[in-house]
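Below is start-v1.cif, which holds mmCIF, C-alpha atoms.
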data_data
#
loop_
_atom_site.label_atom_id
_atom_site.label_comp_id
_atom_site.auth_asym_id
_atom_site.auth_seq_id
_atom_site.Cartn_x
_atom_site.Cartn_y
_atom_site.Cartn_z
CA MET W 1234 230.30 -107.14 33.22
CA ASN W 1235 230.11 -103.47 32.32
CA LEU W 1236 227.31 -101.21 33.51
CA LEU W 1237 225.29 -101.25 30.28
CA GLY W 1238 225.51 -105.03 30.05
CA PHE W 1239 224.51 -105.36 33.69
CA LEU W 1240 221.55 -103.03 33.27
CA SER W 1241 220.28 -104.65 30.10
CA GLU W 1242 220.73 -108.30 31.07
CA SER W 1243 220.47 -108.43 34.84
CA VAL W 1244 217.95 -105.68 35.46
CA PHE W 1245 215.67 -105.34 32.45
CA PHE W 1246 215.40 -108.95 31.31
CA GLY W 1247 216.42 -110.68 34.54
CA SER W 1248 213.63 -109.04 36.51
CA GLY W 1249 211.08 -108.97 33.72
CA LYS W 1250 211.50 -105.21 33.27
CA ALA W 1251 211.72 -105.37 29.47
CA ALA W 1252 208.14 -104.08 29.41
CA VAL W 1253 209.34 -100.98 31.29
CA VAL W 1254 211.94 -100.35 28.60
CA LEU W 1255 209.25 -100.68 25.95
CA ALA W 1256 206.98 -98.33 27.87
CA VAL W 1257 209.73 -95.71 28.21
CA ALA W 1258 210.54 -96.01 24.49
CA GLY W 1259 206.82 -95.62 23.74
CA VAL W 1260 206.57 -92.50 25.91
CA VAL W 1261 209.63 -91.01 24.15
CA LEU W 1262 208.09 -91.73 20.73
CA VAL W 1263 204.67 -90.36 21.65
CA GLY W 1264 206.29 -87.32 23.31
CA PHE W 1265 208.26 -86.61 20.17
CA LEU W 1266 205.15 -86.85 18.01
CA VAL W 1267 203.25 -84.55 20.38
CA TRP W 1268 206.12 -82.05 20.13
CA MET W 1269 205.90 -82.18 16.33
CA LEU W 1270 202.17 -81.48 16.45
CA TRP W 1271 202.79 -78.62 18.87
CA ALA W 1272 205.51 -77.18 16.59
CA GLU W 1273 203.21 -77.54 13.58
CA ARG W 1274 200.41 -75.58 15.28
CA ARG W 1275 202.72 -72.88 16.62
CA LEU W 1276 204.40 -72.41 13.25
CA SER W 1277 201.03 -72.15 11.53
CA ARG W 1278 200.04 -69.38 13.94
CA LEU W 1279 203.31 -67.53 13.35
CA GLU W 1280 202.98 -67.87 9.57
CA ARG W 1281 199.42 -66.60 9.72
CA LYS W 1282 200.57 -63.63 11.78
CA ILE W 1283 203.35 -62.87 9.29
CA ASN W 1284 200.97 -63.14 6.36
CA GLU W 1285 198.53 -60.76 8.04
CA ARG W 1286 201.33 -58.28 8.69
CA ASP W 1287 202.93 -58.56 5.26
CA PRO W 1288 200.85 -60.52 2.73
CA ARG W 1289 203.73 -60.61 0.20
CA SER W 1290 206.12 -62.52 2.50
CA MET L 1013 194.08 -80.80 2.28
CA LYS L 1014 197.71 -79.68 1.78
CA GLY L 1015 199.03 -81.21 4.98
CA VAL L 1016 196.87 -84.32 5.35
CA TRP L 1017 199.84 -86.57 4.69
CA LYS L 1018 201.66 -85.30 7.77
CA PRO L 1019 199.93 -87.39 10.46
CA VAL L 1020 200.18 -90.51 8.27
CA GLY L 1021 203.87 -91.04 9.15
CA PRO L 1022 203.45 -90.82 12.94
CA LEU L 1023 200.27 -92.92 12.79
CA LEU L 1024 202.15 -95.60 10.89
CA LEU L 1025 204.92 -95.45 13.50
CA LEU L 1026 202.40 -95.93 16.30
CA TYR L 1027 201.04 -98.96 14.43
CA VAL L 1028 204.61 -100.25 14.06
CA ALA L 1029 205.30 -99.69 17.77
CA ALA L 1030 202.17 -101.61 18.74
CA MET L 1031 202.98 -104.48 16.39
CA THR L 1032 206.64 -104.55 17.42
CA ALA L 1033 205.72 -104.93 21.06
CA GLY L 1034 202.61 -107.06 20.63
CA VAL L 1035 203.29 -109.70 17.98
CA PRO L 1036 204.73 -112.86 19.56
CA LEU L 1037 207.85 -114.57 18.34
CA GLY L 1038 207.36 -117.95 16.67
CA PRO L 1039 208.65 -121.12 18.32
CA GLY L 1040 212.31 -122.11 18.03
CA LEU L 1041 215.12 -124.01 19.67
CA LEU L 1042 217.71 -122.19 21.79
CA GLU L 1043 220.22 -124.81 22.91
CA CYS L 1044 220.94 -128.49 23.36
CA THR L 1045 222.84 -129.71 26.41
CA VAL L 1046 224.05 -133.08 27.65
CA VAL L 1047 222.16 -134.26 30.71
CA ASP L 1048 222.56 -137.30 32.93
CA GLY L 1049 223.23 -140.72 31.44
CA GLY L 1050 224.20 -139.53 28.00
CA ALA L 1051 220.78 -138.09 27.27
CA TYR L 1052 220.30 -134.66 25.73
CA ALA L 1053 217.92 -131.83 26.55
CA VAL L 1054 216.78 -129.17 24.12
CA ARG L 1055 215.44 -125.86 25.34
CA GLY L 1056 212.90 -124.02 23.25
CA HIS L 1057 211.57 -120.48 23.11
CA GLY L 1058 207.86 -119.90 22.56
CA THR L 1059 207.37 -123.65 22.21
CA HIS L 1060 204.41 -125.77 23.35
CA PHE L 1061 206.06 -129.11 23.97
CA ALA L 1062 203.62 -130.12 26.72
CA ASP L 1063 200.64 -129.49 24.44
CA ALA L 1064 202.03 -132.04 21.98
CA THR L 1065 203.13 -134.69 24.49
CA GLY L 1066 203.02 -138.17 22.99
CA THR L 1067 203.33 -136.96 19.41
CA MET L 1068 206.75 -135.30 19.66
CA GLN L 1069 209.47 -136.69 17.40
CA VAL L 1070 213.15 -135.81 17.46
CA PHE L 1071 215.66 -136.45 14.68
CA LEU L 1072 219.38 -135.86 14.40
CA ARG L 1073 220.93 -134.99 11.04
CA SER L 1074 224.46 -134.74 9.76
CA GLY L 1075 224.73 -134.22 6.02
CA SER L 1076 222.53 -136.85 4.40
CA ASN L 1077 222.54 -139.06 7.50
CA VAL L 1078 219.39 -138.89 9.61
CA MET L 1079 218.76 -140.71 12.88
CA ARG L 1080 215.66 -140.92 15.03
CA ALA L 1081 216.10 -140.05 18.71
CA GLU L 1082 214.69 -142.37 21.36
CA ASN L 1083 212.86 -141.98 24.68
CA VAL L 1084 211.59 -138.49 23.97
CA ASP L 1085 210.56 -137.04 27.31
CA VAL L 1086 208.65 -133.75 27.50
CA ARG L 1087 209.65 -132.03 30.75
CA SER L 1088 207.88 -128.70 30.25
CA GLU L 1089 206.52 -126.44 27.53
CA SER L 1090 210.08 -125.46 26.66
CA VAL L 1091 212.28 -128.41 27.69
CA LEU L 1092 212.48 -131.75 25.99
CA ALA L 1093 214.89 -134.62 26.74
CA PHE L 1094 215.85 -137.45 24.40
CA GLU L 1095 218.43 -140.15 23.91
CA ALA L 1096 220.51 -140.39 20.75
CA PRO L 1097 221.57 -143.94 19.81
CA PHE L 1098 224.83 -142.98 18.10
CA PRO L 1099 226.76 -145.97 16.68
CA ASP L 1100 230.39 -146.56 17.75
CA THR L 1101 231.59 -145.04 14.50
CA VAL L 1102 229.76 -141.95 13.25
CA PRO L 1103 229.98 -140.25 9.83
CA ALA L 1104 230.57 -136.84 11.46
CA ARG L 1105 230.93 -135.22 14.89
CA SER L 1106 228.50 -132.36 14.42
CA TRP L 1107 224.74 -133.06 14.32
CA ASP L 1108 221.68 -130.89 13.83
CA VAL L 1109 218.57 -131.57 15.90
CA PHE L 1110 215.03 -131.49 14.49
CA VAL L 1111 212.06 -131.41 16.82
CA LEU L 1112 208.77 -132.22 15.12
CA SER L 1113 205.64 -131.14 16.93
CA GLU L 1114 202.03 -131.03 15.78
CA VAL L 1115 201.66 -127.71 17.57
CA ASP L 1116 204.93 -125.94 16.73
CA GLY L 1117 205.76 -127.60 13.38
CA SER L 1118 209.38 -128.48 12.48
CA LEU L 1119 212.00 -126.84 14.68
CA LEU L 1120 215.71 -126.97 13.80
CA LEU L 1121 218.81 -126.32 15.87
CA GLU L 1122 221.94 -126.49 13.73
CA ASN L 1123 225.13 -128.05 15.18
CA ALA L 1124 223.21 -128.86 18.33
CA VAL L 1125 225.21 -131.96 19.28
CA PHE L 1126 228.99 -132.24 18.96
CA LEU L 1127 230.58 -135.63 19.64
CA SER L 1128 234.09 -134.53 20.53
CA ASP L 1129 235.36 -138.03 21.45
CA ALA L 1130 233.61 -140.02 18.72
CA VAL L 1131 235.39 -142.16 16.14
CA THR L 1132 234.47 -140.82 12.70
CA ASP L 1133 234.31 -142.42 9.29
CA SER L 1134 232.93 -140.09 6.63
CA SER L 1135 232.10 -143.03 4.36
CA ARG L 1136 229.80 -144.48 6.98
CA ALA L 1137 226.13 -144.18 5.97
CA LEU L 1138 223.32 -144.66 8.49
CA PRO L 1139 220.11 -146.50 7.48
CA ALA L 1140 217.52 -144.24 5.86
CA VAL L 1141 214.83 -142.83 8.15
CA ASP L 1142 211.45 -141.53 7.05
CA VAL L 1143 211.05 -137.95 8.33
CA PRO L 1144 207.48 -136.60 8.21
CA THR L 1145 206.78 -133.10 6.94
CA LEU L 1146 204.79 -130.85 9.25
CA SER L 1147 203.17 -127.56 8.37
CA PRO L 1148 204.44 -124.46 10.18
CA PRO L 1149 202.52 -123.30 13.27
CA ALA L 1150 199.39 -121.29 12.65
CA GLY L 1151 198.93 -117.73 13.87
CA PHE L 1152 200.54 -114.38 13.23
CA HIS L 1153 204.05 -114.24 14.71
CA PHE L 1154 207.53 -113.05 13.84
CA PRO L 1155 209.92 -115.76 12.62
CA PHE L 1156 212.33 -117.27 15.10
CA GLN L 1157 215.94 -116.76 13.99
CA PRO L 1158 218.84 -118.40 15.85
CA ARG L 1159 220.81 -115.82 17.87
CA VAL L 1160 218.56 -112.98 16.63
CA GLU L 1161 215.58 -114.32 18.62
CA GLU L 1162 213.41 -111.56 20.17
CA THR L 1163 215.71 -108.82 18.86
CA ILE L 1164 214.18 -109.34 15.39
CA ARG L 1165 211.74 -106.62 16.51
CA ASN L 1166 214.55 -104.09 16.12
CA LEU L 1167 214.36 -104.69 12.36
CA MET L 1168 211.27 -102.44 12.33
CA TRP L 1169 213.30 -99.51 13.72
CA HIS L 1170 216.95 -99.86 12.79
CA VAL L 1171 216.60 -100.52 9.04
CA PRO L 1172 213.75 -98.04 8.28
CA LEU L 1173 215.73 -95.31 10.05
CA TRP L 1174 218.55 -95.80 7.53
CA PHE L 1175 216.08 -95.92 4.62
CA ALA L 1176 214.70 -92.55 5.72
CA MET L 1177 218.25 -91.25 6.22
CA PHE L 1178 219.11 -92.19 2.60
CA VAL L 1179 215.99 -90.42 1.31
CA LEU L 1180 216.77 -87.21 3.23
CA ALA L 1181 220.45 -87.34 2.22
CA GLY L 1182 219.31 -87.75 -1.41
CA MET L 1183 217.03 -84.71 -1.06
CA ALA L 1184 219.90 -82.70 0.40
CA PHE L 1185 222.10 -83.81 -2.52
CA VAL L 1186 219.55 -82.63 -5.11
CA ALA L 1187 219.06 -79.32 -3.27
CA SER L 1188 222.83 -78.78 -3.13
CA ILE L 1189 223.16 -79.41 -6.87
CA ARG L 1190 220.43 -76.81 -7.44
CA GLN L 1191 222.19 -74.34 -5.15
CA LEU L 1192 225.40 -74.79 -7.13
CA GLY L 1193 223.50 -73.75 -10.27
CA VAL L 1194 222.90 -70.21 -9.04
CA PRO L 1195 225.42 -67.62 -7.82
CA GLN L 1196 223.32 -66.18 -4.98
CA VAL L 1197 221.84 -67.88 -1.89
CA SER L 1198 218.64 -69.65 -2.95
CA ALA L 1199 215.90 -71.54 -1.13
CA SER L 1200 217.73 -74.76 -2.08
CA ASP L 1201 220.46 -73.93 0.44
CA GLU L 1202 217.95 -73.97 3.28
CA HIS L 1203 216.35 -77.14 1.85
CA ALA L 1204 219.74 -78.87 1.88
CA ARG L 1205 220.48 -77.69 5.42
CA ALA L 1206 217.15 -78.90 6.79
CA ALA L 1207 217.35 -82.27 5.01
CA SER L 1208 220.94 -82.82 6.18
CA ALA L 1209 220.03 -81.97 9.77
CA ILE L 1210 217.29 -84.60 9.79
CA ALA L 1211 219.62 -87.06 8.03
CA VAL L 1212 222.17 -86.66 10.85
CA GLY L 1213 219.48 -87.29 13.47
CA LEU L 1214 218.29 -90.40 11.64
CA GLY L 1215 221.88 -91.59 11.21
CA VAL L 1216 222.60 -91.23 14.94
CA ALA L 1217 219.38 -93.09 15.77
CA GLY L 1218 220.36 -95.79 13.25
CA LEU L 1219 223.80 -96.13 14.84
CA ILE L 1220 222.35 -96.41 18.35
CA THR L 1221 219.72 -99.00 17.41
CA GLY L 1222 222.35 -100.93 15.41
CA SER L 1223 224.85 -100.90 18.26
CA ILE L 1224 222.25 -102.17 20.75
CA TRP L 1225 221.26 -104.89 18.28
CA ALA L 1226 224.90 -105.89 17.81
CA ARG L 1227 225.33 -106.22 21.57
CA PHE L 1228 222.57 -108.82 21.81
CA THR L 1229 223.35 -110.78 18.62
CA TRP L 1230 227.09 -110.43 18.08
CA GLY L 1231 227.99 -109.99 21.76
CA THR L 1232 229.58 -106.56 21.45
CA TRP L 1233 228.48 -102.97 21.00
CA TRP L 1234 230.70 -102.43 17.96
CA VAL L 1235 232.80 -104.53 15.61
CA ASP L 1236 235.42 -103.47 13.09
CA ASP L 1237 233.08 -104.01 10.17
CA PRO L 1238 233.03 -102.05 6.87
CA GLN L 1239 229.29 -101.47 7.08
CA LEU L 1240 229.37 -100.22 10.66
CA ASN L 1241 232.44 -98.05 10.20
CA GLY L 1242 231.02 -96.69 6.93
CA ALA L 1243 227.79 -95.74 8.69
CA LEU L 1244 229.72 -93.95 11.45
CA VAL L 1245 231.94 -92.06 8.99
CA THR L 1246 228.96 -91.06 6.84
CA THR L 1247 226.98 -89.75 9.80
CA ALA L 1248 230.06 -87.86 11.01
CA ALA L 1249 230.49 -86.40 7.50
CA TYR L 1250 226.95 -85.05 7.56
CA GLY L 1251 227.63 -83.67 11.05
CA GLY L 1252 230.71 -81.95 9.58
CA TYR L 1253 228.47 -80.27 7.01
CA HIS L 1254 226.74 -78.31 9.76
CA ILE L 1255 230.03 -77.41 11.43
CA LEU L 1256 231.26 -76.10 8.08
CA ARG L 1257 228.14 -73.97 7.66
CA GLU L 1258 228.59 -72.42 11.09
CA SER L 1259 232.22 -71.56 10.37
CA VAL L 1260 231.55 -69.37 7.30
CA ASP L 1261 230.05 -65.90 7.82
CA ARG L 1262 229.35 -64.73 4.28
CA PRO L 1263 226.00 -66.23 3.18
CA ALA L 1264 226.86 -66.69 -0.51
CA MET L 1265 230.21 -68.31 0.28
CA ARG L 1266 228.58 -70.48 2.96
CA ALA L 1267 225.89 -71.68 0.57
CA ARG L 1268 228.40 -72.55 -2.16
CA LEU L 1269 230.91 -74.28 0.15
CA ALA L 1270 228.18 -76.22 1.94
CA ALA L 1271 226.67 -77.34 -1.37
CA VAL L 1272 230.01 -78.63 -2.64
CA TYR L 1273 230.64 -80.42 0.68
CA ASN L 1274 227.16 -81.93 0.64
CA VAL L 1275 227.65 -83.36 -2.84
CA PHE L 1276 230.83 -85.09 -1.64
CA ALA L 1277 229.09 -86.27 1.53
CA PHE L 1278 226.41 -87.99 -0.53
CA VAL L 1279 229.00 -89.61 -2.80
CA LEU L 1280 230.75 -90.79 0.38
CA LEU L 1281 227.44 -92.26 1.62
CA VAL L 1282 226.94 -94.21 -1.60
CA ILE L 1283 230.51 -95.52 -1.60
CA LEU L 1284 230.77 -96.37 2.11
CA LEU L 1285 227.29 -97.78 2.68
CA MET L 1286 226.21 -99.21 -0.64
CA ILE L 1287 229.34 -100.21 -2.55
CA MET L 1288 232.32 -100.93 -0.26
CA PRO L 1289 230.60 -103.35 2.18
CA ARG L 1290 229.61 -105.60 -0.73
CA PHE L 1291 233.24 -106.19 -1.65
CA SER L 1292 234.46 -107.31 1.77
CA GLU L 1293 233.44 -109.79 4.43
CA SER L 1294 230.81 -108.40 6.77
CA LEU L 1295 228.76 -109.59 9.69
CA HIS L 1296 226.00 -107.25 8.62
CA PRO L 1297 223.08 -108.89 6.72
CA GLY L 1298 222.96 -108.02 3.03
CA LYS L 1299 226.68 -107.26 2.79
CA GLY L 1300 229.76 -109.22 1.75
CA GLY L 1301 227.82 -112.31 0.73
CA ASN L 1302 225.93 -112.35 4.02
CA PRO L 1303 222.30 -112.67 2.90
CA GLY L 1304 219.96 -109.82 3.70
CA PHE L 1305 216.60 -110.10 5.34
CA ASN L 1306 214.84 -109.78 2.01
CA THR L 1307 216.17 -113.07 0.63
CA TYR L 1308 214.53 -115.53 2.96
CA ASP L 1309 214.23 -114.00 6.39
CA LEU L 1310 211.74 -111.23 5.68
CA ASP L 1311 208.63 -113.39 5.77
CA ALA L 1312 205.02 -112.24 5.44
CA SER L 1313 204.60 -111.30 9.12
CA LEU L 1314 207.65 -109.04 9.04
CA ARG L 1315 206.55 -107.39 5.80
CA TRP L 1316 203.24 -106.36 7.41
CA VAL L 1317 205.23 -104.25 9.87
CA PHE L 1318 208.50 -103.51 8.06
CA TYR L 1319 207.08 -101.73 4.99
CA PRO L 1320 204.76 -99.47 7.03
CA ALA L 1321 207.78 -98.70 9.23
CA VAL L 1322 209.83 -97.62 6.19
CA LEU L 1323 206.97 -95.45 4.89
CA GLY L 1324 206.25 -94.11 8.38
CA TRP L 1325 209.84 -93.01 9.02
CA ILE L 1326 210.20 -91.44 5.56
CA LEU L 1327 206.96 -89.44 5.94
CA THR L 1328 207.83 -88.42 9.50
CA ALA L 1329 211.30 -87.34 8.37
CA LEU L 1330 209.77 -85.26 5.55
CA TRP L 1331 207.46 -83.60 8.04
CA MET L 1332 210.42 -82.86 10.32
CA GLN L 1333 212.30 -81.33 7.40
CA GLN L 1334 209.30 -79.14 6.58
CA LEU L 1335 209.11 -77.98 10.19
CA LEU L 1336 212.79 -76.99 10.12
CA LEU L 1337 212.30 -75.13 6.82
CA ARG L 1338 209.32 -73.22 8.16
CA MET L 1339 211.14 -72.44 11.42
CA ALA L 1340 214.04 -71.00 9.43
CA ARG L 1341 211.69 -68.92 7.28
CA VAL L 1342 209.81 -67.53 10.28
CA ARG L 1343 213.12 -66.81 12.04
CA ALA L 1344 214.44 -64.96 8.97
CA LEU L 1345 211.27 -62.89 8.60
CA ASP L 1346 211.29 -62.12 12.33
CA ALA L 1347 214.94 -61.04 12.17
CA ALA L 1348 214.09 -58.67 9.30
CA LYS L 1349 211.03 -57.27 11.03
CA PRO L 1350 210.57 -58.43 14.65
CA MET L 1351 207.12 -59.59 15.72
CA THR L 1352 205.52 -59.35 19.11
CA PRO L 1353 205.91 -62.69 20.88
CA LEU L 1354 203.03 -65.15 20.75
CA PRO L 1355 201.13 -65.67 24.01
#
Go ahead and render the structure in this file as structure tokens.
Amino acid sequence: MNLLGFLSESVFFGSGKAAVVLAVAGVVLVGFLVWMLWAERRLSRLERKINERDPRS
Amino acid sequence: MKGVWKPVGPLLLLYVAAMTAGVPLGPGLLECTVVDGGAYAVRGHGTHFADATGTMQVFLRSGSNVMRAENVDVRSESVLAFEAPFPDTVPARSWDVFVLSEVDGSLLLENAVFLSDAVTDSSRALPAVDVPTLSPPAGFHFPFQPRVEETIRNLMWHVPLWFAMFVLAGMAFVASIRQLGVPQVSASDEHARAASAIAVGLGVAGLITGSIWARFTWGTWWVDDPQLNGALVTTAAYGGYHILRESVDRPAMRARLAAVYNVFAFVLLVILLMIMPRFSESLHPGKGGNPGFNTYDLDASLRWVFYPAVLGWILTALWMQQLLLRMARVRALDAAKPMTPLP
């Protein structure tokens, strides 16, 4: 069995670690969404700064 | 009020994640094996055999021939043994097994029993048996599909990712057409670039989720299938769009070349993902005569999660595209007139 097959079948499911996989996937998803919110706020600040500097931009 | 729609996509995705992980799978039958003394044992998933002890009924079916199993013995919530009184001559070798339970409803395992050494006579008809009809089990759960089993949850991620990819690719196509209508670099060029970048990301995520799904349902990470190969080629084509952009220095030439390429990339997407797979055999649902989930598999419980997932991914992808556009605009303005860094 290759490494990926071993990990997915023998480790995650075999030892009841599927919940860990779900948790990691959830953390990745939430982390990505937090990053988007952070980018949104930072961009808004930059745009505001640009508009204050040059209102026509 | 302008940006109130933005959190809707991620909120929908959080709902989808919670439902994907939390909704149980409905009961179903996994396998039927021969046990001692010619008896058979069926193994269920999510079943409650022990809760229905004494009322369990098992039938075997081959074509129009139906036979009642005998000595049904519940061994656990998920294991049930029975004896099948096959006659010396049977109408067929392959038999489906029905398990009828007042708790789990009617459960079917197709081709569960194969009588390799039996004498067959296709004209042989077994006496008619009255099979009761049971209502499906109550409660909110995802439908049990043979072989797909628990991986049905991936439907909420894999398919909506491609839906969102198509939407973004379509937006990039429209923006490229607009760019081709003007001689100078317009805002449409940046719109097409941002939409294509998100489309590539969604395509890669779609390929990864599809490959993992294939491993657990088809037994391999990848098969030589028109739908799968088409998806890979299309995603690679959109990746090539960005390589092309980086390889041209003159902005006007870059915008025009990229727009022409993007139009062809979208045509390629339509041909390889929507047209070609329908004209050839395919393992992929919805292609080559292989029924899609919307025909009979996408039941009410899946719709409650699937449609929000589609909307959630599309809205999130649109937000991502907007972020890229705004980043590019801020970067361009900063390049023209540098700002002091933010704290």
Carefully work through the PyMOL selection byres ((chain W) within 10 of (chain L)) for this structure and note down the residues it includes, as an mmCIF file with C-alpha atoms, keeping the file's coordinate frame.
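Resulting contents of expr24.cif:
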data_model
loop_
_atom_site.group_PDB
_atom_site.id
_atom_site.type_symbol
_atom_site.label_atom_id
_atom_site.label_comp_id
_atom_site.auth_asym_id
_atom_site.auth_seq_id
_atom_site.Cartn_x
_atom_site.Cartn_y
_atom_site.Cartn_z
ATOM 1 C CA LEU W 1237 225.290 -101.250 30.280
ATOM 2 C CA GLY W 1238 225.510 -105.030 30.050
ATOM 3 C CA SER W 1241 220.280 -104.650 30.100
ATOM 4 C CA GLU W 1242 220.730 -108.300 31.070
ATOM 5 C CA ALA W 1252 208.140 -104.080 29.410
ATOM 6 C CA LEU W 1255 209.250 -100.680 25.950
ATOM 7 C CA ALA W 1256 206.980 -98.330 27.870
ATOM 8 C CA ALA W 1258 210.540 -96.010 24.490
ATOM 9 C CA GLY W 1259 206.820 -95.620 23.740
ATOM 10 C CA LEU W 1262 208.090 -91.730 20.730
ATOM 11 C CA VAL W 1263 204.670 -90.360 21.650
ATOM 12 C CA PHE W 1265 208.260 -86.610 20.170
ATOM 13 C CA LEU W 1266 205.150 -86.850 18.010
ATOM 14 C CA VAL W 1267 203.250 -84.550 20.380
ATOM 15 C CA MET W 1269 205.900 -82.180 16.330
ATOM 16 C CA LEU W 1270 202.170 -81.480 16.450
ATOM 17 C CA ALA W 1272 205.510 -77.180 16.590
ATOM 18 C CA GLU W 1273 203.210 -77.540 13.580
ATOM 19 C CA ARG W 1275 202.720 -72.880 16.620
ATOM 20 C CA LEU W 1276 204.400 -72.410 13.250
ATOM 21 C CA SER W 1277 201.030 -72.150 11.530
ATOM 22 C CA ARG W 1278 200.040 -69.380 13.940
ATOM 23 C CA LEU W 1279 203.310 -67.530 13.350
ATOM 24 C CA GLU W 1280 202.980 -67.870 9.570
ATOM 25 C CA LYS W 1282 200.570 -63.630 11.780
ATOM 26 C CA ILE W 1283 203.350 -62.870 9.290
ATOM 27 C CA ARG W 1286 201.330 -58.280 8.690
ATOM 28 C CA ASP W 1287 202.930 -58.560 5.260
ATOM 29 C CA SER W 1290 206.120 -62.520 2.500
#
Please provide as a list in words all residues within 12 Å of Met1031 of chain L, with the sequence filter that same-chain residues fewer than 2 positions apart are discarded (counting all atoms listed in the file).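 Close residues of Met1031 of chain L: Leu1024, Leu1025, Leu1026, Tyr1027, Val1028, Ala1029, Ala1033, Gly1034, Val1035, Pro1036, Leu1037, Phe1152, His1153, Phe1154, Arg1165, Asn1166, Met1168, Trp1169, Ser1313, Leu1314, Arg1315, Trp1316, Val1317, Phe1318, Pro1320 and Ala1321 of chain L.
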Reference answer for the PyMOL selection byres ((chain L and resi 1146) around 6), as a list of chain:residue names: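 On this input, the PyMOL selection byres ((chain L and resi 1146) around 6) captures L:Gly1117, L:Thr1145, L:Ser1147.
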Could those residues be written to a file, using C-alpha atoms, as an mmCIF file, in the frame of the given file?
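Saved to selection_22.cif:
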data_model
loop_
_atom_site.group_PDB
_atom_site.id
_atom_site.type_symbol
_atom_site.label_atom_id
_atom_site.label_comp_id
_atom_site.auth_asym_id
_atom_site.auth_seq_id
_atom_site.Cartn_x
_atom_site.Cartn_y
_atom_site.Cartn_z
ATOM 1 C CA GLY L 1117 205.760 -127.600 13.380
ATOM 2 C CA THR L 1145 206.780 -133.100 6.940
ATOM 3 C CA SER L 1147 203.170 -127.560 8.370
#
Distance in Å - atom CA of Ala1051 of chain L versus atom CA of Arg1080 of chain L: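 That distance, rounded to one decimal, is 13.6 Å.
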Kindly give the distance, in Å, that separates atom CA of Val1109 of chain L and atom CA of Glu1162 of chain L, rounded to a single decimal.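 Separating atom CA of Val1109 of chain L from atom CA of Glu1162 of chain L is a distance of 21.1 Å.
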What is the distance, in Å and to one decimal place, between atom CA of Ala1312 of chain L and atom CA of Val1171 of chain L?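 Separating atom CA of Ala1312 of chain L from atom CA of Val1171 of chain L is a distance of 16.9 Å.
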I would like the residues chosen by the PyMOL selection byres ((chain L and resi 1059-1075) around 6) on the shown file; could you give them as a list in words?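 With the shown file as input, the PyMOL selection byres ((chain L and resi 1059-1075) around 6) matches Pro1039, Gly1056, His1057, Gly1058, Ser1076, Asn1077, Val1078, Met1079, Arg1080, Ala1081, Ser1088, Glu1089, Ser1090, Trp1107, Asp1108, Val1109, Phe1110, Val1111, Leu1112 and Ser1113 of chain L.
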Might you pull out every residue within 8 Å of segment 1280-1288 of chain L, with all atoms listed in the file counted and same-chain residues fewer than 5 positions away left off, and present them as a PyMOL selection string? chain L and resi 1238-1239+1242-1243+1246
Write the residues of the preceding selection, restricted to C-alpha atoms, as a CSV table (one decimal), keeping the file's coordinate frame.
chain,number,residue,atom,x,y,z
L,1238,PRO,CA,233.0,-102.0,6.9
L,1239,GLN,CA,229.3,-101.5,7.1
L,1242,GLY,CA,231.0,-96.7,6.9
L,1243,ALA,CA,227.8,-95.7,8.7
L,1246,THR,CA,229.0,-91.1,6.8
Gly1252 of chain L environment, 12 Å, all atoms listed in the file, sequence neighbours closer than 3 positions dropped, as a CSV table (one decimal) with C-alpha atoms, in the coordinates of the input:
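Written out: result-v9.csv:
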chain,number,residue,atom,x,y,z
L,1205,ARG,CA,220.5,-77.7,5.4
L,1208,SER,CA,220.9,-82.8,6.2
L,1209,ALA,CA,220.0,-82.0,9.8
L,1212,VAL,CA,222.2,-86.7,10.8
L,1245,VAL,CA,231.9,-92.1,9.0
L,1246,THR,CA,229.0,-91.1,6.8
L,1247,THR,CA,227.0,-89.8,9.8
L,1248,ALA,CA,230.1,-87.9,11.0
L,1249,ALA,CA,230.5,-86.4,7.5
L,1255,ILE,CA,230.0,-77.4,11.4
L,1256,LEU,CA,231.3,-76.1,8.1
L,1257,ARG,CA,228.1,-74.0,7.7
L,1258,GLU,CA,228.6,-72.4,11.1
L,1259,SER,CA,232.2,-71.6,10.4
L,1270,ALA,CA,228.2,-76.2,1.9
L,1273,TYR,CA,230.6,-80.4,0.7
L,1274,ASN,CA,227.2,-81.9,0.6
L,1276,PHE,CA,230.8,-85.1,-1.6
L,1277,ALA,CA,229.1,-86.3,1.5
Pick from L:Ile1326, L:Val1086, L:Val1131, L:Ala1217, whichever lies nearest to Met1183 of chain L using all atoms listed in the file: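 Looking only at the distances to Met1183 of chain L, the closest residue turns out to be L:Ile1326.
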Box along x, y and z, 5 Å on every side, all listed atoms of segment 1056-1075 of chain L inside: centre and edge lengths in Å to one decimal, as AutoDock Vina command-line options.
--center_x 212.7 --center_y -129.0 --center_z 16.4 --size_x 34.1 --size_y 28.3 --size_z 30.7
Which of L:Tyr1319, L:Phe1175, L:Phe1156, L:Phe1185 sits closest to Ser1118 of chain L [using all atoms listed in the file]: L:Phe1156
